[in-house]
Amino acid sequence: AAYFAAGGDRGPARIGIADAQRLDALAAEFGRREQVIGGAALVSDAVRGLEAAKHLLDTCAFSEQAGRAFMSAAGELATIAGWLAYDADRYPLARSCYADAFALASQAGDDQLTVHVCLNAAQMALSRQRTGEANPHRALTLAGRARALTRGHAPGRVHALIATREAQAYGVLGDRTAFGKAMAIAWRELDFALDHESREDCPPWLRFVNATEIRSHEARGFSHLGDHAKSADLCSGLAVDKTSARNSANYRAGSAAALADLGEIGAAIEEGMSVLADLENSVSSTRTLRLLEPVRVAAEGRAEEFSTRFDELAERAITV
């Protein structure tokens, strides 16, 4: 990635539109691969690519048009790198990448990029609810910014995703009424999007938004509200066979956690074992492993194999 813009052995003296397009393609490839194998295996390469892109902006000449295009592409790569770092449980690195992304979006005047960063950062702000470190107020602020920037836009998946971020925040806050309203909006906006926006016409970073994704947020929100039976019931109906490998593992980990919260330990361990198999072989996502922590707690003294395999993966994640 270090010399993606040059297409050769040395960096360019001047950045052009073609260089921005190559950088866009690099960011899109990281996003595509993350959906398949998770972020932990990719984050170091993405961050190196981001540093190379920032270096080129600091040292190369460019026209106004090419500069804006390259800043937007670099900001998209920063956003993807931040998500990969988040998926790898590397929160300080994710925050640094998102700070770069916000700055580059501002310099490029790219509202769509700002929306993307806001929604990714909002998800991270909500991710540590089980440890008491989630910040739903921060998430609502970020989602509100995204909503303001997309107000009046045509129906699309972005509106549904904004509503799910708000729903999650209200769930963490324990506001059942606001959670229900936000989820109703999410489902309505998804219906509008499916009627008016083809998957190919929406940005690549929004193509994962479907009924399974919305349902998973609804299940997680009910878990936040303490309705573990409802959460487990919704998780059991997720169409994980129609999603990417990483997302499938993540959804199943959420389902296992919901079962553990409900007290159905045997079923939770069985579901969790299938997730461990993916994490040991094809998927590299520390975030997904963290979702299984309630199952690990429940497995203590009951399921030695699950506990041992979970602990080995956790140790591996620490040393990476």
# chains A, B, ... in the order shown; residues from 1 in each chain; ligands from 1

$ select_by_dssp --residues "range 98-209 of chain A" --states "alpha helix (DSSP H)" --output "number ranges by chain"
A: 98-108, 111-126, 136-150, 157-173, 176-196

$ residues_around --residues "range 26-31 of chain A" --least-positions-apart "4" --cutoff "10 Å" --atoms "only C-alpha atoms" --output "PyMOL selection string"
chain A and resi 1+4+20-22+35-36+38-39+42-43+45-46+49-50+73-81+83-84+203-205

$ write_last_selection --atoms "N, CA, C and O atoms" --output "compact mmCIF listing (two decimals), in the first residue's frame"
# COMPACT_ATOMS: atom_id res chain seq x y z
N ALA A 1 0.81 -1.22 0.00
CA ALA A 1 0.00 0.00 0.00
C ALA A 1 0.83 1.26 0.00
O ALA A 1 0.34 2.32 -0.33
N PHE A 4 0.86 2.93 -3.47
CA PHE A 4 -0.31 2.66 -4.29
C PHE A 4 -0.54 3.76 -5.31
O PHE A 4 -1.00 3.52 -6.41
N ALA A 20 -6.19 9.16 -6.64
CA ALA A 20 -7.34 9.13 -5.73
C ALA A 20 -8.20 7.91 -6.00
O ALA A 20 -8.69 7.26 -5.06
N GLN A 21 -8.37 7.57 -7.27
CA GLN A 21 -9.17 6.40 -7.61
C GLN A 21 -8.51 5.11 -7.11
O GLN A 21 -9.17 4.19 -6.63
N ARG A 22 -7.17 5.03 -7.21
CA ARG A 22 -6.47 3.85 -6.71
C ARG A 22 -6.60 3.75 -5.19
O ARG A 22 -6.75 2.66 -4.64
N GLN A 35 -15.38 -7.85 5.67
CA GLN A 35 -16.65 -8.56 5.76
C GLN A 35 -16.46 -10.08 5.70
O GLN A 35 -17.30 -10.83 6.18
N VAL A 36 -15.35 -10.52 5.15
CA VAL A 36 -15.09 -11.94 5.00
C VAL A 36 -14.28 -12.49 6.16
O VAL A 36 -14.63 -13.53 6.75
N GLY A 38 -12.84 -10.41 8.91
CA GLY A 38 -12.74 -9.61 10.12
C GLY A 38 -11.60 -8.61 10.06
O GLY A 38 -10.78 -8.63 9.13
N GLY A 39 -11.54 -7.74 11.05
CA GLY A 39 -10.61 -6.63 11.00
C GLY A 39 -9.24 -6.86 11.60
O GLY A 39 -8.27 -6.20 11.24
N LEU A 42 -6.30 -7.36 9.32
CA LEU A 42 -6.11 -6.36 8.27
C LEU A 42 -5.67 -5.00 8.78
O LEU A 42 -5.17 -4.18 8.01
N VAL A 43 -5.86 -4.74 10.06
CA VAL A 43 -5.73 -3.37 10.56
C VAL A 43 -4.33 -2.82 10.38
O VAL A 43 -4.16 -1.64 10.01
N ASP A 45 -2.06 -3.39 8.04
CA ASP A 45 -1.86 -3.00 6.65
C ASP A 45 -2.65 -1.74 6.31
O ASP A 45 -2.15 -0.87 5.59
N ALA A 46 -3.87 -1.65 6.80
CA ALA A 46 -4.69 -0.47 6.52
C ALA A 46 -4.08 0.79 7.13
O ALA A 46 -4.06 1.85 6.49
N GLY A 49 -1.20 1.89 5.06
CA GLY A 49 -1.69 2.57 3.87
C GLY A 49 -2.14 3.98 4.16
O GLY A 49 -1.90 4.90 3.38
N LEU A 50 -2.82 4.16 5.30
CA LEU A 50 -3.27 5.50 5.69
C LEU A 50 -2.09 6.43 5.92
O LEU A 50 -2.11 7.59 5.49
N ALA A 73 -10.64 10.17 -0.49
CA ALA A 73 -10.23 8.77 -0.53
C ALA A 73 -9.41 8.41 0.70
O ALA A 73 -9.59 7.32 1.29
N ALA A 74 -8.52 9.31 1.10
CA ALA A 74 -7.72 9.06 2.31
C ALA A 74 -8.62 9.02 3.54
O ALA A 74 -8.40 8.21 4.46
N GLY A 75 -9.63 9.88 3.57
CA GLY A 75 -10.57 9.87 4.69
C GLY A 75 -11.38 8.59 4.74
O GLY A 75 -11.67 8.06 5.82
N GLU A 76 -11.74 8.06 3.57
CA GLU A 76 -12.45 6.78 3.53
C GLU A 76 -11.54 5.66 4.04
O GLU A 76 -11.99 4.78 4.80
N LEU A 77 -10.27 5.70 3.65
CA LEU A 77 -9.33 4.69 4.15
C LEU A 77 -9.16 4.83 5.66
O LEU A 77 -9.09 3.82 6.38
N ALA A 78 -9.11 6.07 6.16
CA ALA A 78 -9.01 6.28 7.61
C ALA A 78 -10.23 5.73 8.33
O ALA A 78 -10.11 5.14 9.42
N THR A 79 -11.41 5.89 7.73
CA THR A 79 -12.64 5.38 8.33
C THR A 79 -12.62 3.85 8.37
O THR A 79 -12.98 3.24 9.39
N ILE A 80 -12.21 3.24 7.27
CA ILE A 80 -12.11 1.78 7.22
C ILE A 80 -11.07 1.29 8.22
O ILE A 80 -11.29 0.31 8.95
N ALA A 81 -9.93 1.96 8.28
CA ALA A 81 -8.88 1.57 9.23
C ALA A 81 -9.39 1.67 10.66
O ALA A 81 -9.08 0.83 11.51
N TRP A 83 -12.48 1.30 11.63
CA TRP A 83 -13.40 0.18 11.86
C TRP A 83 -12.63 -1.12 12.08
O TRP A 83 -12.97 -1.92 12.94
N LEU A 84 -11.56 -1.32 11.30
CA LEU A 84 -10.75 -2.51 11.48
C LEU A 84 -10.12 -2.53 12.87
O LEU A 84 -10.06 -3.58 13.53
N PRO A 203 -23.51 3.31 -1.43
CA PRO A 203 -22.08 3.19 -1.18
C PRO A 203 -21.74 1.80 -0.64
O PRO A 203 -22.54 1.20 0.08
N PRO A 204 -20.54 1.29 -0.95
CA PRO A 204 -20.17 -0.05 -0.47
C PRO A 204 -20.29 -0.23 1.03
O PRO A 204 -20.66 -1.32 1.49
N TRP A 205 -20.03 0.83 1.79
CA TRP A 205 -20.05 0.68 3.25
C TRP A 205 -21.46 0.56 3.81
O TRP A 205 -21.62 0.26 5.00

$ closest_residue --among "A:Ala249, A:Leu206, A:Asp227, A:Glu305" --to "Asp278 in chain A" --atoms "only C-alpha atoms"
A:Ala249

$ closest_residue --among "A:Val172, A:Arg157, A:Thr164, A:Gln129" --to "Leu190 in chain A" --atoms "only C-alpha atoms"
A:Arg157

$ atom_distance --atom1 "CA of Arg215 in chain A" --atom2 "CA of Tyr251 in chain A"
9.9 Å

$ residues_around --residues "range 145-152 of chain A" --least-positions-apart "4" --cutoff "8 Å" --atoms "only C-alpha atoms" --output "count of residues only"
10

$ residues_around --residues "Glu64 in chain A" --least-positions-apart "6" --cutoff "10 Å" --atoms "only C-alpha atoms" --output "PyMOL selection string"
chain A and resi 16+70+108

$ closest_residue --among "A:Ser223, A:Asn250, A:Ser127, A:Thr308" --to "Gly171 in chain A" --atoms "only C-alpha atoms"
A:Ser223

$ residues_around --residues "Gly266 in chain A" --least-positions-apart "3" --cutoff "12 Å" --atoms "only C-alpha atoms" --output "JSON, numbers by chain"
{"A": [256, 257, 259, 260, 261, 262, 263, 269, 270, 271, 272, 273, 295, 296, 298, 299, 302, 303, 306]}
